[in-house]
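Peer 1: Structure file coords26.cif (mmCIF, C-alpha atoms) is given on the next line.
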```cif
data_my_file
#
loop_
_atom_site.label_atom_id
_atom_site.label_comp_id
_atom_site.auth_asym_id
_atom_site.auth_seq_id
_atom_site.Cartn_x
_atom_site.Cartn_y
_atom_site.Cartn_z
CA GLY U 1 35.12 45.96 -6.31
CA ASP U 2 31.47 46.83 -6.03
CA SER U 3 30.58 50.48 -5.90
CA VAL U 4 27.62 52.83 -6.08
CA THR U 5 27.62 56.33 -7.51
CA GLN U 6 24.74 58.68 -6.91
CA MET U 7 24.19 62.29 -7.83
CA GLU U 8 25.61 64.93 -5.54
CA GLY U 9 23.26 67.04 -3.52
CA PRO U 10 21.79 68.93 -1.98
CA VAL U 11 18.69 68.90 -4.12
CA THR U 12 16.10 71.56 -3.39
CA LEU U 13 12.61 71.25 -4.87
CA SER U 14 9.29 72.93 -4.41
CA GLU U 15 6.39 70.91 -3.13
CA GLU U 16 4.67 68.86 -5.88
CA ALA U 17 7.74 68.94 -8.13
CA PHE U 18 9.05 65.82 -9.88
CA LEU U 19 12.04 64.14 -8.29
CA THR U 20 14.80 62.11 -9.89
CA ILE U 21 17.92 61.00 -8.04
CA ASN U 22 20.37 59.18 -10.27
CA CYS U 23 22.18 56.05 -9.14
CA THR U 24 24.57 53.85 -11.09
CA TYR U 25 26.48 50.85 -9.87
CA THR U 26 29.47 48.65 -10.60
CA ALA U 27 29.29 45.01 -9.66
CA THR U 28 30.86 41.76 -10.78
CA GLY U 29 27.74 39.64 -10.36
CA TYR U 30 24.03 40.19 -10.02
CA PRO U 31 23.42 42.42 -7.04
CA SER U 32 20.24 43.34 -5.27
CA LEU U 33 19.63 47.09 -5.30
CA PHE U 34 18.11 49.25 -2.61
CA TRP U 35 17.12 52.79 -1.76
CA TYR U 36 17.34 53.68 1.91
CA VAL U 37 16.10 56.96 3.41
CA GLN U 38 17.43 58.75 6.47
CA TYR U 39 15.19 61.33 8.11
CA PRO U 40 16.84 63.92 10.34
CA GLY U 41 18.16 62.42 13.57
CA GLU U 42 17.13 58.89 12.66
CA GLY U 43 18.65 55.69 11.36
CA LEU U 44 18.22 54.45 7.82
CA GLN U 45 14.99 52.85 6.65
CA LEU U 46 14.43 50.75 3.59
CA LEU U 47 12.44 52.69 1.01
CA LEU U 48 12.35 50.15 -1.81
CA LYS U 49 14.34 47.34 -3.36
CA ALA U 50 14.75 45.27 -6.52
CA THR U 51 16.47 41.92 -6.68
CA LYS U 52 16.78 41.25 -10.40
CA ALA U 53 16.97 43.02 -13.74
CA ASP U 54 13.82 44.85 -14.87
CA ASP U 55 12.25 44.63 -11.40
CA LYS U 56 10.55 47.81 -10.26
CA GLY U 57 10.59 48.66 -6.59
CA SER U 58 7.95 51.04 -5.28
CA ASN U 59 6.84 52.48 -1.97
CA LYS U 60 5.19 55.69 -0.73
CA GLY U 61 4.97 57.04 -4.29
CA PHE U 62 8.68 56.45 -4.98
CA GLU U 63 9.77 54.11 -7.77
CA ALA U 64 13.03 52.74 -9.14
CA THR U 65 13.67 50.22 -11.91
CA TYR U 66 16.65 47.88 -11.97
CA ARG U 67 18.28 48.50 -15.38
CA LYS U 68 21.04 45.98 -16.01
CA GLU U 69 21.91 47.34 -19.45
CA THR U 70 22.69 50.78 -18.03
CA THR U 71 23.66 49.56 -14.53
CA SER U 72 21.28 52.08 -13.03
CA PHE U 73 18.61 52.29 -10.34
CA HIS U 74 17.31 55.85 -10.49
CA LEU U 75 14.82 56.97 -7.84
CA GLU U 76 11.73 58.90 -8.97
CA LYS U 77 8.66 60.44 -7.44
CA GLY U 78 6.01 62.31 -9.33
CA SER U 79 5.07 64.87 -6.68
CA VAL U 80 7.26 65.43 -3.65
CA GLN U 81 6.03 66.64 -0.28
CA VAL U 82 7.76 68.59 2.48
CA SER U 83 7.78 65.39 4.52
CA ASP U 84 10.04 63.77 1.88
CA SER U 85 12.94 65.99 2.98
CA ALA U 86 15.66 63.55 3.97
CA VAL U 87 18.92 61.98 2.81
CA TYR U 88 18.53 59.20 0.24
CA PHE U 89 21.08 56.41 -0.16
CA CYS U 90 21.39 54.03 -3.06
CA ALA U 91 22.95 50.70 -2.08
CA LEU U 92 23.71 47.25 -3.39
CA SER U 93 24.31 43.84 -1.91
CA GLU U 94 25.97 41.02 -3.73
CA ASN U 95 27.26 37.47 -3.38
CA SER U 96 27.37 36.56 0.28
CA GLY U 97 25.01 39.37 1.22
CA TYR U 98 26.94 40.29 4.33
CA ALA U 99 27.33 43.93 3.42
CA LEU U 100 25.53 46.84 1.86
CA ASN U 101 27.66 49.07 -0.37
CA PHE U 102 26.25 52.56 -0.13
CA GLY U 103 26.50 55.61 -2.32
CA LYS U 104 27.45 58.85 -0.61
CA GLY U 105 23.87 59.96 -0.16
CA THR U 106 21.78 62.74 -1.68
CA SER U 107 20.19 65.33 0.57
CA LEU U 108 16.73 66.43 -0.53
CA LEU U 109 15.00 69.54 0.77
CA VAL U 110 11.41 70.16 -0.26
CA THR U 111 10.08 73.66 0.35
CA PRO U 112 6.40 74.64 0.67
CA GLU E 1 7.98 46.76 18.63
CA ALA E 2 10.72 45.44 16.35
CA GLN E 3 13.80 47.53 16.78
CA VAL E 4 17.55 47.88 16.93
CA THR E 5 18.70 49.79 19.99
CA GLN E 6 22.05 51.48 20.31
CA ASN E 7 23.52 53.12 23.39
CA PRO E 8 24.64 55.71 23.99
CA ARG E 9 23.17 58.06 21.39
CA TYR E 10 25.86 60.68 21.99
CA LEU E 11 29.34 60.28 23.44
CA ILE E 12 32.28 62.61 23.85
CA THR E 13 35.48 60.97 25.00
CA VAL E 14 39.23 61.54 25.11
CA THR E 15 41.90 59.90 23.03
CA GLY E 16 42.92 56.50 24.34
CA LYS E 17 40.04 55.90 26.74
CA LYS E 18 38.43 52.57 25.96
CA LEU E 19 34.73 52.64 25.16
CA THR E 20 31.94 50.30 24.11
CA VAL E 21 28.88 51.11 22.05
CA THR E 22 26.13 48.59 22.63
CA CYS E 23 23.68 47.27 20.04
CA SER E 24 20.71 45.04 20.71
CA GLN E 25 17.97 43.72 18.43
CA ASN E 26 14.71 42.04 19.41
CA MET E 27 13.88 40.39 16.07
CA ASN E 28 15.92 37.19 16.45
CA HIS E 29 18.04 38.22 13.48
CA GLU E 30 21.14 36.23 12.63
CA TYR E 31 23.01 38.93 10.72
CA MET E 32 24.31 42.06 12.41
CA SER E 33 26.80 44.68 11.36
CA TRP E 34 28.33 48.03 12.23
CA TYR E 35 28.72 50.99 9.88
CA ARG E 36 30.23 54.40 10.25
CA GLN E 37 28.87 57.42 8.41
CA ASP E 38 31.12 60.30 7.49
CA PRO E 39 30.33 63.40 5.42
CA GLY E 40 31.06 62.86 1.75
CA LEU E 41 31.82 59.17 2.27
CA GLY E 42 28.41 57.66 2.93
CA LEU E 43 28.25 54.56 5.11
CA ARG E 44 31.11 52.08 5.33
CA GLN E 45 30.95 48.70 7.00
CA ILE E 46 33.25 48.13 9.98
CA TYR E 47 32.46 44.55 11.06
CA TYR E 48 29.69 42.06 10.55
CA SER E 49 28.47 38.89 12.19
CA MET E 50 26.66 35.96 10.61
CA ASN E 51 25.71 34.33 13.89
CA VAL E 52 26.81 33.84 17.48
CA GLU E 53 30.61 33.66 17.73
CA VAL E 54 31.00 34.28 13.97
CA THR E 55 32.34 37.69 12.99
CA ASP E 56 34.39 39.13 10.15
CA LYS E 57 35.96 42.39 9.02
CA GLY E 58 34.20 44.86 6.81
CA ASP E 59 35.81 47.62 4.78
CA VAL E 60 37.18 49.74 7.64
CA PRO E 61 37.91 47.50 10.67
CA GLU E 62 41.13 49.13 11.91
CA GLY E 63 40.86 50.37 15.48
CA TYR E 64 37.65 48.46 16.25
CA LYS E 65 36.70 45.17 17.86
CA VAL E 66 33.41 43.35 18.10
CA SER E 67 31.98 40.32 19.83
CA ARG E 68 28.83 38.23 19.39
CA LYS E 69 28.29 36.15 22.48
CA GLU E 70 24.51 36.30 22.25
CA LYS E 71 22.31 36.47 19.20
CA ARG E 72 20.64 39.73 20.17
CA ASN E 73 23.75 41.74 21.10
CA PHE E 74 26.64 43.00 18.99
CA PRO E 75 28.79 45.55 20.85
CA LEU E 76 31.40 47.71 19.13
CA ILE E 77 34.58 48.21 21.11
CA LEU E 78 37.16 50.95 20.64
CA GLU E 79 40.17 49.90 22.69
CA SER E 80 42.10 53.15 22.18
CA PRO E 81 39.95 55.73 20.39
CA SER E 82 41.58 58.35 18.22
CA PRO E 83 40.18 61.59 16.74
CA ASN E 84 39.84 59.98 13.29
CA GLN E 85 37.18 57.70 14.81
CA THR E 86 34.94 60.69 15.39
CA SER E 87 31.89 59.68 13.38
CA LEU E 88 28.25 58.64 13.38
CA TYR E 89 27.92 54.92 13.99
CA PHE E 90 25.02 52.66 13.02
CA CYS E 91 24.24 49.12 13.98
CA ALA E 92 22.11 47.07 11.61
CA SER E 93 20.50 43.64 11.65
CA SER E 94 18.73 41.40 9.16
CA LEU E 95 17.07 38.01 9.23
CA GLN E 96 18.69 36.78 6.02
CA PRO E 97 21.63 37.75 3.81
CA LEU E 98 21.15 41.23 2.49
CA VAL E 99 20.65 40.17 -1.11
CA ASN E 100 17.25 38.87 -0.06
CA THR E 101 16.01 41.14 2.66
CA GLU E 102 16.17 44.55 4.25
CA ALA E 103 18.46 45.73 6.99
CA PHE E 104 17.04 47.35 10.13
CA PHE E 105 19.15 50.17 11.52
CA GLY E 106 19.51 51.64 14.96
CA GLN E 107 19.16 55.37 15.52
CA GLY E 108 22.88 55.95 15.56
CA THR E 109 25.60 56.88 18.02
CA ARG E 110 27.41 60.16 17.48
CA LEU E 111 30.94 59.75 18.82
CA THR E 112 33.40 62.59 19.28
CA VAL E 113 36.99 61.79 20.26
CA VAL E 114 39.02 64.78 21.46
#
```
Please, can you express the file's structure as structure tokens?
Peer 2:
Amino acid sequence: GDSVTQMEGPVTLSEEAFLTINCTYTATGYPSLFWYVQYPGEGLQLLLKATKADDKGSNKGFEATYRKETTSFHLEKGSVQVSDSAVYFCALSENSGYALNFGKGTSLLVTP
Amino acid sequence: EAQVTQNPRYLITVTGKKLTVTCSQNMNHEYMSWYRQDPGLGLRQIYYSMNVEVTDKGDVPEGYKVSRKEKRNFPLILESPSPNQTSLYFCASSLQPLVNTEAFFGQGTRLTVV
């Protein structure tokens, strides 16, 4: 079945550091890929998405490129801020689109 | 304001006492679903609904029931809660199938079953 694997956390970075969170997926078809972010005490919010191979999703300085050849959708940001501290989830949706398959989440802490 | 509203936000209950967690969305979305979030497991889908009176099981439906009598509401029912249902629960809705659009999530309900 479909699955998403993302790097284990927690990740601790200093402000203005470069961020990469790795995400790889297994799917039988051609899924859409997403990054969701969960700030403390809140529900998940869509950060960015890509619906086909080679698409790049971007939002709030974050980027991820849908790489079909490596089945990856790594999240990057050039300069993180304290306000980026949150849990980040990689997810996919396929076929009927009735479900999101989530990775286990990566906790990011950015220190001043 | 477009939102998904869950109630209650926090609930402590005893084993076997029936409870309902409500979910309501004001965006006229057709698709709604319930997820549970557990440490080290991420989010797993419990049930989903494609429209009024149309529901189906997700990955972890055991011990849960749902109903969709109105488009805006999608309550989650635990007929006889057990401690292994202690978790953080999220309701989500979307206008279209999730391959094409984003899901909007409620703020979560933290349930403890003792």
Peer 1: Would you tabulate, counting only C-alpha atoms, all residues of chain U that have an atom at most 10 Å from an atom of chain E, showing the closest pair of atoms and their distance in Å to one decimal, sorted by chain then ascending number, as a tab-separated table?
Peer 2:
```
residue	atom	partner	partner_atom	distance
U:Glu8	CA	E:Gly40	CA	9.3
U:Tyr30	CA	E:Val99	CA	9.5
U:Pro31	CA	E:Val99	CA	6.9
U:Ser32	CA	E:Val99	CA	5.2
U:Leu33	CA	E:Val99	CA	8.2
U:Phe34	CA	E:Glu102	CA	8.5
U:Tyr36	CA	E:Glu102	CA	9.5
U:Gln38	CA	E:Gln107	CA	9.8
U:Gly41	CA	E:Gln107	CA	7.4
U:Glu42	CA	E:Gln107	CA	5.0
U:Gly43	CA	E:Gln107	CA	4.2
U:Leu44	CA	E:Phe105	CA	5.7
U:Gln45	CA	E:Phe104	CA	6.8
U:Leu46	CA	E:Glu102	CA	6.5
U:Leu47	CA	E:Glu102	CA	9.5
U:Leu48	CA	E:Glu102	CA	9.1
U:Lys49	CA	E:Glu102	CA	8.3
U:Ala50	CA	E:Asn100	CA	9.4
U:Thr51	CA	E:Val99	CA	7.2
U:Phe89	CA	E:Gly42	CA	8.1
U:Cys90	CA	E:Gly42	CA	9.9
U:Ala91	CA	E:Leu43	CA	9.7
U:Leu92	CA	E:Val99	CA	8.0
U:Ser93	CA	E:Val99	CA	5.2
U:Glu94	CA	E:Val99	CA	6.0
U:Asn95	CA	E:Val99	CA	7.5
U:Ser96	CA	E:Pro97	CA	6.8
U:Gly97	CA	E:Leu98	CA	4.5
U:Tyr98	CA	E:Pro97	CA	5.9
U:Ala99	CA	E:Leu98	CA	6.8
U:Leu100	CA	E:Leu98	CA	7.1
U:Asn101	CA	E:Arg44	CA	7.3
U:Phe102	CA	E:Leu43	CA	6.0
U:Gly103	CA	E:Gly42	CA	6.0
U:Lys104	CA	E:Gly42	CA	3.9
U:Gly105	CA	E:Gly42	CA	6.0
U:Thr106	CA	E:Gly42	CA	9.5
```
Peer 1: Might you pull out every residue within 8 Å of Gly16 in chain E, with only C-alpha atoms counted and same-chain residues fewer than 5 positions away left off, and present them as number ranges by chain?
Peer 2: E: 79-82
Peer 1: Counting all atoms listed in the file, which residue out of U:Gly9, U:Gly29, U:Gly78, U:Gly1 sits closest to Leu109 in chain U?
Peer 2: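 Of all the options, U:Gly9 lies closest to Leu109 in chain U.
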Peer 1: Name the residues, using the chain letters and numbers of the file, that sit within 10 Å of (38.3, 63.6, 11.6) when counting all atoms listed in the file, and give them as a PyMOL selection string.
Peer 2: chain E and resi 38+82-87+112-114
Peer 1: Give me, please, the distance in Å between CA of Phe73 in chain U and CA of Thr24 in chain U, quoted to one decimal.
Peer 2: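 Separation of CA of Phe73 in chain U and CA of Thr24 in chain U: 6.2 Å.
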Peer 1: Please provide as a ChimeraX atom specification all residues within 10 Å of Ser67 in chain E, with the sequence filter that same-chain residues fewer than 5 positions apart are discarded (counting all atoms listed in the file).
Peer 2: /E:47-49,52-55,73-77
Peer 1: To test your reading of the syntax: which residues would the PyMOL selection byres ((chain U and resi 108) around 10) return for the file shown? Reply as number ranges by chain.
Peer 2: U: 9-13, 19, 21, 82, 84-88, 105-107, 109-111
Peer 1: Quick one: distance from CA of Arg110 in chain E to CA of Thr13 in chain E in Å, one decimal?
Peer 2: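 Answer for the CA of Arg110 in chain E to CA of Thr13 in chain E separation: 11.1 Å.
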Peer 1: Could you state the separation of CA of Ser79 in chain U and CA of Tyr39 in chain U in Å, given to one decimal place?
Peer 2: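 CA of Ser79 in chain U sits 18.3 Å away from CA of Tyr39 in chain U.
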Peer 1: Rank nothing, just name the residue among U:Asp55, U:Glu63, U:Glu15, U:Asp2 nearest to Val80 in chain U, using only C-alpha atoms.
Peer 2: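 Under the stated criterion, the closest residue is U:Glu15.
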Peer 1: Name the residues that the PyMOL selection byres ((chain U and resi 23) around 6) picks from the file above, as a ChimeraX atom specification, using the file's chain letters and numbers.
Peer 2: /U:5-6,22,24,72-74
Peer 1: Kindly indicate which residue among E:Leu88, E:Val60, E:Val21, E:Leu111 lies nearest to Arg36 in chain E, using all atoms listed in the file for the distances.
Peer 2: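 Under the stated criterion, the closest residue is E:Leu88.
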